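Visitor: What follows is a structure written as structure tokens; I'll ask about it next.
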Amino acid sequence: MMMMMTTTEKFKGEEVLLSRELKGIAYAEKQRRCNIGEAFISGLKARERKLVCVTSGNSYLGAHLIKELLVHGYFVRATIQNQGDMEDMKRLLSSEEMSQVESVVVAKMVDLGSLCEAFRGCHAVFHTSSFIDPHGVAGYTERMGFLETEGARNVVEACSRAAYVKRCVFTSSLLASIWNEHDDNSDQTVDENCWSDEEFCREKKLWLALGKTRAEKAAWIKSKETKVKLVTLCPGLNMAPSFPIAHHETSFPYLKGGRTMFQRGVLATQDVDKLAKAHVQVYEEMDYGACGRYLCYDRIVNTLEEAIQIENGLKLHGLLSGDRNNIIADQSNIAEITIPARVTNSKLTRLSRNALPRLSRTR
């Protein structure tokens, strides 16, 4: 016997079927949108969520660079030279930031094997390592300069052997460009083509300048041998985000010869947060032609007032300004004395300016 469906029952049945169809269409549309969203996120992650390595994650710059890379969405691996350095790193990074770090690896700069293990699978290496005593006790010696040079060679060699992409962003120093015995009588502006004279640095016992010069030159030689794509940043004196607070541990060796730097118009400082941003920007611009050296600073100390502010912060009176009583009779005019700047960061400025249109399109 055939069952007959009433009009009401038929309507209800069609309503259910229609409801199911609409739900099916809505679900398909939702899935389509989800798939598009996931594809976009996946593409974003493929572009940004790359594994990179920062050497000396316990250093002042290293920790700030880790923070900046995490903000940009990178997976970050950090190296430290000793297990005890982990405590320094924890003091510089928040617990949340530490939890986001992919891993922390003990890798000595003089141990090529440990560096290869640390860099394995990385898309880039940010070499910020320096042999400055993090507690400011030993400062910087000629021996440390030798170790830093050996470390630079090993870092580039390990990058060529183990990194997924052979790219290295190397932190040098403005000191590697400004020291030359003929500069006293020269009006030449210091730029990326200038190198410090090693013999002059040795004669004047400017060990940090000598170490940075030799290490950067060694990195360039090794990068050409191993086909590693290298860029170097040469920053001025590391400062806390609020001038004139200088970072004590790195300031003492940097400012050896500080009065001469000040008088020549080549004493420059760099906000550490902006320096970390510059490292990330230069790395990302390597896809668009960034190469070579970049002098990096955001302020030229060219007034006595600024020099004295730095001295007061470091409690090293007279380090830059000399005998203040003999500088100027009328201290009320101290801010009016300006020393002409003889250093330029125009190359980095151009890179930042050219990157702006591209960055605006990706937002």
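Here, A, B, ... name the chains of the structure tokens in the order displayed, residue numbers run from 1 inside each chain, and ligands are numbered from 1 in the same displayed order.
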Quick one: residues within 8 Å of Val272 of chain A, only C-alpha atoms, excluding same-chain residues fewer than 6 positions away - as an mmCIF file with N, CA and C atoms, in the first residue's frame?
Guide:
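Contents of around-v1.cif, freshly written:
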data_model
loop_
_atom_site.group_PDB
_atom_site.id
_atom_site.type_symbol
_atom_site.label_atom_id
_atom_site.label_comp_id
_atom_site.auth_asym_id
_atom_site.auth_seq_id
_atom_site.Cartn_x
_atom_site.Cartn_y
_atom_site.Cartn_z
ATOM 1 N N LEU A 61 72.630 43.399 22.304
ATOM 2 C CA LEU A 61 72.063 43.459 20.959
ATOM 3 C C LEU A 61 71.371 42.159 20.591
ATOM 4 N N HIS A 64 67.849 41.975 21.981
ATOM 5 C CA HIS A 64 66.933 42.891 21.301
ATOM 6 C C HIS A 64 66.615 42.410 19.882
ATOM 7 N N ASN A 238 76.315 51.512 21.143
ATOM 8 C CA ASN A 238 74.996 51.009 21.527
ATOM 9 C C ASN A 238 74.402 51.833 22.662
ATOM 10 N N MET A 239 73.178 52.289 22.461
ATOM 11 C CA MET A 239 72.485 53.084 23.471
ATOM 12 C C MET A 239 71.163 52.430 23.824
ATOM 13 N N ALA A 240 70.715 52.664 25.043
ATOM 14 C CA ALA A 240 69.352 52.301 25.409
ATOM 15 C C ALA A 240 68.405 53.177 24.588
ATOM 16 N N PRO A 241 67.130 52.795 24.469
ATOM 17 C CA PRO A 241 66.208 53.575 23.637
ATOM 18 C C PRO A 241 66.107 55.056 24.015
#
Visitor: Identify, on the basis of only C-alpha atoms, every residue whose closest approach to segment 159-169 of chain A does not exceed 6 Å; exclude the query and any residue fewer than 2 positions from it along the same chain; express the result as a PyMOL selection string.
Guide: chain A and resi 116+119-126+156-157+228-232
Visitor: How far is it from atom CA of Val301 of chain A to atom CA of Arg342 of chain A, in Å with one decimal?
Guide: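 A separation of 11.0 Å between them.
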Visitor: Per residue of segment 62-146 of chain A within 10 Å of segment 184-207 of chain A, note the shortest atom pair and the distance in Å to one decimal, counting only C-alpha atoms, and order the rows by chain and increasing residue number, as a Markdown table.
Guide:
| residue | atom | partner | partner_atom | distance |
| --- | --- | --- | --- | --- |
| A:Gly139 | CA | A:Trp207 | CA | 9.8 |
| A:Tyr140 | CA | A:Trp207 | CA | 6.6 |
| A:Thr141 | CA | A:Trp207 | CA | 5.8 |
| A:Glu142 | CA | A:Trp207 | CA | 5.3 |
| A:Arg143 | CA | A:Trp207 | CA | 8.8 |
| A:Met144 | CA | A:Trp207 | CA | 8.3 |
| A:Gly145 | CA | A:Trp207 | CA | 6.6 |
| A:Phe146 | CA | A:Trp207 | CA | 9.8 |
Visitor: If you run DSSP over the backbone, which residues in segment 241-280 of chain A end up strand (DSSP E or B)? Put them as a PyMOL selection string.
Guide: chain A and resi 246+268-271
Visitor: What is the atom CA of Val71 of chain A to atom CA of Val101 of chain A distance in Å?
Guide: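 Separating atom CA of Val71 of chain A from atom CA of Val101 of chain A is a distance of 11.6 Å.
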Visitor: Would you list the contacts of segment 245-255 of chain A as a VMD selection string, taking every protein, DNA or RNA residue within 10 Å and counting only C-alpha atoms, but skipping same-chain residues closer than 3 positions in sequence?
Guide: chain A and resid 59 to 60 130 132 to 141 173 to 175 206 to 209 236 to 242 258 to 262 267 269 to 272 309 to 316 319 to 320
Visitor: Keeping only C-alpha atoms, write those residues as a short mmCIF file (atom, residue, chain, number, x, y, z; two decimals), in the first residue's frame.
Guide:
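Okay, this is what ended up in out.cif:
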data_model
loop_
_atom_site.label_atom_id
_atom_site.label_comp_id
_atom_site.auth_asym_id
_atom_site.auth_seq_id
_atom_site.Cartn_x
_atom_site.Cartn_y
_atom_site.Cartn_z
CA SER A 59 74.19 39.87 24.62
CA TYR A 60 72.50 43.27 24.74
CA SER A 130 81.41 39.76 20.45
CA ILE A 132 83.30 41.76 25.25
CA ASP A 133 82.97 40.65 28.85
CA PRO A 134 79.18 40.90 29.50
CA HIS A 135 79.87 41.94 33.10
CA GLY A 136 82.25 44.71 32.11
CA VAL A 137 85.20 43.36 34.08
CA ALA A 138 87.77 42.53 31.43
CA GLY A 139 86.61 44.96 28.73
CA TYR A 140 88.31 44.00 25.47
CA THR A 141 91.86 42.81 24.90
CA SER A 173 81.17 48.22 14.19
CA LEU A 174 81.58 51.79 13.05
CA LEU A 175 85.01 51.47 14.69
CA LEU A 206 92.47 50.40 20.12
CA TRP A 207 91.76 46.70 20.57
CA LEU A 208 88.00 46.73 19.88
CA ALA A 209 88.49 48.71 16.66
CA GLY A 236 77.87 53.27 16.44
CA LEU A 237 77.90 53.11 20.23
CA ASN A 238 75.00 51.01 21.53
CA MET A 239 72.48 53.08 23.47
CA ALA A 240 69.35 52.30 25.41
CA PRO A 241 66.21 53.57 23.64
CA SER A 242 66.41 56.82 25.64
CA GLY A 258 86.44 58.62 22.51
CA ARG A 259 87.73 62.18 22.88
CA THR A 260 89.46 61.95 19.50
CA MET A 261 86.30 60.51 17.91
CA PHE A 262 84.29 63.37 19.36
CA LEU A 267 81.40 59.74 17.49
CA THR A 269 75.43 56.39 18.69
CA GLN A 270 72.70 53.92 17.83
CA ASP A 271 69.47 53.15 19.68
CA VAL A 272 69.60 49.38 20.21
CA GLN A 309 75.47 63.80 29.07
CA ILE A 310 77.03 60.49 27.97
CA GLU A 311 79.93 60.97 30.41
CA ASN A 312 77.55 61.63 33.28
CA GLY A 313 75.55 58.52 32.48
CA LEU A 314 78.70 56.38 32.47
CA LYS A 315 80.25 58.25 35.43
CA LEU A 316 83.38 58.81 33.35
CA LEU A 319 86.34 60.90 28.88
CA LEU A 320 84.97 62.76 25.84
#
Visitor: When DSSP is applied to the backbone of this structure, which of segment 71-258 of chain A are assigned helix (DSSP H, G or I)? Write them out as a PyMOL selection string.
Guide: chain A and resi 71+85-92+95-100+112-119+142-162+175-178+183-185+198-203+207-226+248-254+258
